Structures are given as C-alpha cells and as structure tokens.
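Enquirer: Here it is: the structure, laid out below.
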Amino acid sequence: VGDPVGIVDTEPTLYSYRIQSEATSAAKGSGDNAYIYLPGNTSFATLRGTIPINEGRFKISGSLINPANQFTSTLLDSIKQKTGWVPGETRYTFQPLPPPSRVLFLHQSPSLDSMIYWFNRKSINLYGEALVKTIALTKSTTASTDSGIVILKNFWKQKGIDPDELNISDGSGLSPQNRITTRAHVAILKYARGQEWFNSFYESLPGYNGMKMKSGTIRNVKGFAGYHTSKDGTEYIFSFLVNNYNGPASSLVNKMYRVLDVLK
C-alpha cells in the first residue's frame, strides 16, 4: 500500500500524448479512485489517485484530449500495417455542417438509467459534462455548462436547498471550485429516496466497505455519500467529506471507513 503504480499499456494506442503515473496503491477492495488529468499545452497526461492492490491488470477509463486526431492517426496506422502504404500525414479540421444536409444514420443512446449506472460506477466524467449541457438544451437553444448549472441550482432551490450550498463549476465534479455542503448532499439523496426511479439510482451506486456509496476524489480531498441500513434496520443517508488532509489517500480512506462503521 502506498507504492507507485505503473501503466502497462493503453487501449487504444495514444498518438498525440502519453500518460505519466503519479498514482499509488491502496488497500484491497478500495475500488477505482484513479483519475486521468488531460494535458494543457504539454504532451503528457497525468494519472493520479489510488488503485487497489492484488487486482492484477486493473483497467480504468478516461477521455481523449483530441478525438479527431486520435481517429485519423489510428486510421493512418491501420493502413500502414495492412497495406504497407504510407499515405502521408493526418489532417483534420472543424467546420460547421454545410446546408443542405440529410440524416444518413441516427444513433440512439442507451437509456438514461443505464448511463447513470456507468456514470456512477466508473466515474465517466464525460457523461456528467454531457448531461449538464443536455439539461441546458432542454430549457434553451444553447447547450452550455453555465446554463445547465443555473437550471440545476434553481431546481434544487425549489426543493428547499439554499443555492449558496451549491457552488458548481462543471458537470463532472473535477474542478476544485466545486463546493457542495454535506447538508446539501444529504438533502439531494433524501429527495432521490422518495422518487419512483430510486431503485435504478440506488443500483448505480458502487459498494465500498459494505455500503452503497459514491466516492469523490480530488487532490487532498476525499468524500463518500450514500445509503446504509444497519443491522437493527435503521436506514441512514450520509455524506462524509475530508478537506486538506495530509498523508497517503489509502490511509485516510481506511480511517473514514472506521468512522462509517459506526452506522453498521
């Protein structure tokens, strides 16, 4: 526990950047708490967080910084391998769809509960960003993050949550500027508990330490929020945040588990 974690390979092969690891090992069963931070003006992405020991080849997922370049580079590499022909360098441009246009193919997304399942289980941050933009698009003509956040805060204000308790900067929760109180966490989870879609939402939550809860991790911050029913049948809704901690994340997680064990 606490040892450096190496990267064996990536799928697909990356062409425009590489991933360097700053991740460390954590206790067995601690789950996927590793995140890929994409590069700005550099050619390196960074893997941070923790991965449980004794898992063999452990896979995590992340977004591509430039899908267009990844696609053209992969296509070029495939042509080289299959034909031996080198067609030249890849090029890609971003242009609006010229009119007139017609639909060649319509792809339907999975159901919302299916997307929420993987969003919570695997922390697919791209889903969060897309969902908050989609929320904006349902209320306006612009699919913007800022508009989606305003709609979210107004929704929860109508449910009795003070907007000052919801400082939201993105759809994924990766920004350090996101600051949501534990009271707001619990109020949101309590609201979900009374909805007809609760069972699907509940099943989407990962299991840690014998509890149904979602973890949250950024540098020097760790949180758990979820539901638990104790041995005597008492139902708990909880949110537990630790800010600005020192030391290895794995040690903190074990200490948080010991506190949460009181609910058992």
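Chains: A, B, ... in order of the structure tokens. Residues: from 1 per chain. Ligands: from 1, in order shown.
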Got a sec: who's within 10 Å of A:Phe58, counting only C-alpha atoms, leaving out chain neighbours fewer than 3 positions off, as a PyMOL selection string?

Expert: chain A and resi 7-8+32+51-55

Enquirer: Just to be explicit: take each residue in the selection above, keep C-alpha atoms, and write the result as a compact mmCIF listing (two decimals), in the first residue's frame.

Expert:
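Below is the file selection08.txt, written as the result:
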# COMPACT_ATOMS: atom_id res chain seq x y z
CA ILE A 7 0.98 1.90 -16.61
CA VAL A 8 1.30 -1.27 -18.70
CA ASP A 32 -11.07 2.64 -8.56
CA ILE A 51 -5.73 1.66 -7.30
CA PRO A 52 -6.32 -1.38 -5.06
CA ILE A 53 -3.58 -3.98 -4.61
CA ASN A 54 -3.80 -7.64 -5.69
CA GLU A 55 -6.02 -6.89 -8.69

Enquirer: Using only C-alpha atoms, determine which residues lie at most 9 Å from stretch 78-92 of chain A, disregarding the query and same-chain residues fewer than 3 positions distant; provide the list as an MDAnalysis selection string.

Expert: chainID A and resid 68:69 72:75

Enquirer: Export N, CA and C atoms of the chosen residues as a compact mmCIF listing (two decimals), in the first residue's frame?

Expert:
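Resulting contents of selection.txt:
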# COMPACT_ATOMS: atom_id res chain seq x y z
N ALA A 68 -10.56 13.71 -32.79
CA ALA A 68 -10.35 13.79 -34.24
C ALA A 68 -8.95 13.34 -34.61
N ASN A 69 -7.95 13.82 -33.88
CA ASN A 69 -6.57 13.42 -34.15
C ASN A 69 -6.36 11.94 -33.85
N THR A 72 -7.90 9.95 -36.88
CA THR A 72 -7.11 10.00 -38.12
C THR A 72 -5.78 9.28 -37.95
N SER A 73 -5.17 9.39 -36.78
CA SER A 73 -3.89 8.72 -36.55
C SER A 73 -4.07 7.21 -36.50
N THR A 74 -5.16 6.74 -35.87
CA THR A 74 -5.44 5.30 -35.82
C THR A 74 -5.71 4.75 -37.21
N LEU A 75 -6.47 5.49 -38.01
CA LEU A 75 -6.77 5.07 -39.38
C LEU A 75 -5.50 4.99 -40.21

Enquirer: Name all residues at most 10 Å from A:Gly207 (count only C-alpha atoms; drop same-chain ones fewer than 6 positions away) and give them as a CSV table (one decimal) with N, CA and C atoms, in the first residue's frame.

Expert:
chain,number,residue,atom,x,y,z
A,29,GLY,N,-9.7,-4.0,-2.4
A,29,GLY,CA,-11.2,-3.7,-2.3
A,29,GLY,C,-11.5,-2.2,-2.2
A,30,SER,N,-10.5,-1.4,-2.2
A,30,SER,CA,-10.8,0.1,-2.0
A,30,SER,C,-11.4,0.7,-3.3
A,31,GLY,N,-11.3,0.0,-4.4
A,31,GLY,CA,-12.0,0.4,-5.6
A,31,GLY,C,-11.2,1.3,-6.5
A,121,ARG,N,-20.8,4.2,-11.4
A,121,ARG,CA,-19.9,3.0,-11.2
A,121,ARG,C,-18.5,3.3,-11.6
A,213,MET,N,-22.4,3.6,-1.7
A,213,MET,CA,-22.0,5.0,-1.6
A,213,MET,C,-21.1,5.3,-2.8
A,214,LYS,N,-21.1,6.6,-3.2
A,214,LYS,CA,-20.3,7.1,-4.2
A,214,LYS,C,-19.1,7.8,-3.6
A,215,SER,N,-17.9,7.6,-4.1
A,215,SER,CA,-16.7,8.3,-3.6
A,215,SER,C,-16.5,9.5,-4.5
A,226,GLY,N,-23.9,8.4,0.5
A,226,GLY,CA,-24.7,7.3,0.1
A,226,GLY,C,-25.8,6.8,1.1

Enquirer: Which neighbours of A:Ala192 fall inside 9 Å, counting only C-alpha atoms, when residues of the same chain fewer than 5 positions from it are skipped, and could you give them as number ranges by chain?

Expert: A: 187, 197-198, 201-202

Enquirer: As a ChimeraX atom specification, please: all residues of stretch 134-182 of chain A that backbone DSSP puts in strand (DSSP E).

Expert: /A:166-167,179-180

Enquirer: By how many Å are atom CA of A:Trp118 and atom CA of A:Gly62 apart?

Expert: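 Atom CA of A:Gly62 lies 12.9 Å from atom CA of A:Trp118.
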
Enquirer: From the set A:Gln158, A:Tyr257, A:Leu263, A:Asn209, which residue has the shortest atom-to-atom contact distance to A:Asp232, counting only C-alpha atoms?

Expert: A:Leu263

Enquirer: Determine, counting only C-alpha atoms, which protein, DNA and RNA residues have an atom within 9 Å of an atom of stretch 42-46 of chain A; residues of the same chain fewer than 6 positions away are not included. Present the result as a list in words.

Expert: Ser16, Tyr17, Arg18, Ile19, Gln20, Ser21, Glu22, Ala23, Tyr35 and Ile36 of chain A

Enquirer: As an exercise, work out the distance from atom CA of A:Ser144 to atom CA of A:Ser200 in Å and give it to one decimal place.

Expert: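 Taking atom CA of A:Ser144 and atom CA of A:Ser200, their separation equals 27.2 Å.
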
Enquirer: What residues in stretch 5-253 of chain A get the DSSP label helix (DSSP H, G or I)? Please answer as an MDAnalysis selection string.

Expert: chainID A and resid 67:83 112:122 125:139 145:158 163:165 182:193 198:204 249:253

Enquirer: Nearest to A:Asn33: which of A:Leu97, A:Gly223, A:Asp3, A:His185 is it, counting only C-alpha atoms?

Expert: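 Of all the options, A:Gly223 lies closest to A:Asn33.
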
Enquirer: Within 12 Å of A:Ile124, counting only C-alpha atoms, which residues show up once you throw out same-chain ones fewer than 5 positions away? Write them as a short mmCIF file (atom, residue, chain, number, x, y, z; two decimals) with C-alpha atoms, in the first residue's frame, please.

Expert:
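After the write, selection_11.cif holds the following:
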data_model
loop_
_atom_site.label_atom_id
_atom_site.label_comp_id
_atom_site.auth_asym_id
_atom_site.auth_seq_id
_atom_site.Cartn_x
_atom_site.Cartn_y
_atom_site.Cartn_z
CA ASP A 32 -11.07 2.64 -8.56
CA ALA A 34 -7.68 6.97 -10.01
CA TYR A 35 -8.26 9.81 -12.46
CA ILE A 36 -6.58 10.88 -15.69
CA ILE A 60 -9.58 2.48 -15.69
CA SER A 61 -11.15 4.75 -18.29
CA GLY A 62 -10.56 8.34 -19.33
CA SER A 63 -11.41 10.83 -22.05
CA MET A 115 -25.91 5.88 -18.49
CA ILE A 116 -26.33 6.89 -14.84
CA TYR A 117 -25.31 3.37 -13.81
CA TRP A 118 -21.93 3.62 -15.55
CA PHE A 119 -21.56 7.30 -14.69
CA GLU A 129 -20.38 17.17 -18.71
CA ALA A 130 -22.74 15.97 -21.46
CA LEU A 131 -25.69 15.63 -19.08
CA GLY A 171 -20.78 18.70 -14.74
CA SER A 172 -18.20 16.14 -13.65
CA GLY A 173 -17.07 17.45 -10.26
CA LEU A 174 -13.40 17.60 -11.23
#

Enquirer: Got a sec: who's within 8 Å of A:Ile65, counting only C-alpha atoms, leaving out chain neighbours fewer than 2 positions off, as a list of chain:residue names?

Expert: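 Non-adjacent residues within range: A:Leu38, A:Pro39, A:Ser63, A:Pro67.
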
Enquirer: I'd like to know which of A:Asn199, A:Ser204, A:Thr145, A:Thr182 is closest to A:Ile168, using only C-alpha atoms.

Expert: A:Thr145

Enquirer: Find the residue from A:Asn66, A:Thr24, A:Thr181, A:Asn154 that sits nearest to A:Thr50; use only C-alpha atoms when measuring.

Expert: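 Closest to A:Thr50 of all the choices is A:Thr24.
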
Enquirer: What does the distance from atom CA of A:Ser114 to atom CA of A:Glu203 come to in Å, to one decimal?

Expert: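 Computing the Euclidean distance for atom CA of A:Ser114 and atom CA of A:Glu203 yields 10.3 Å.
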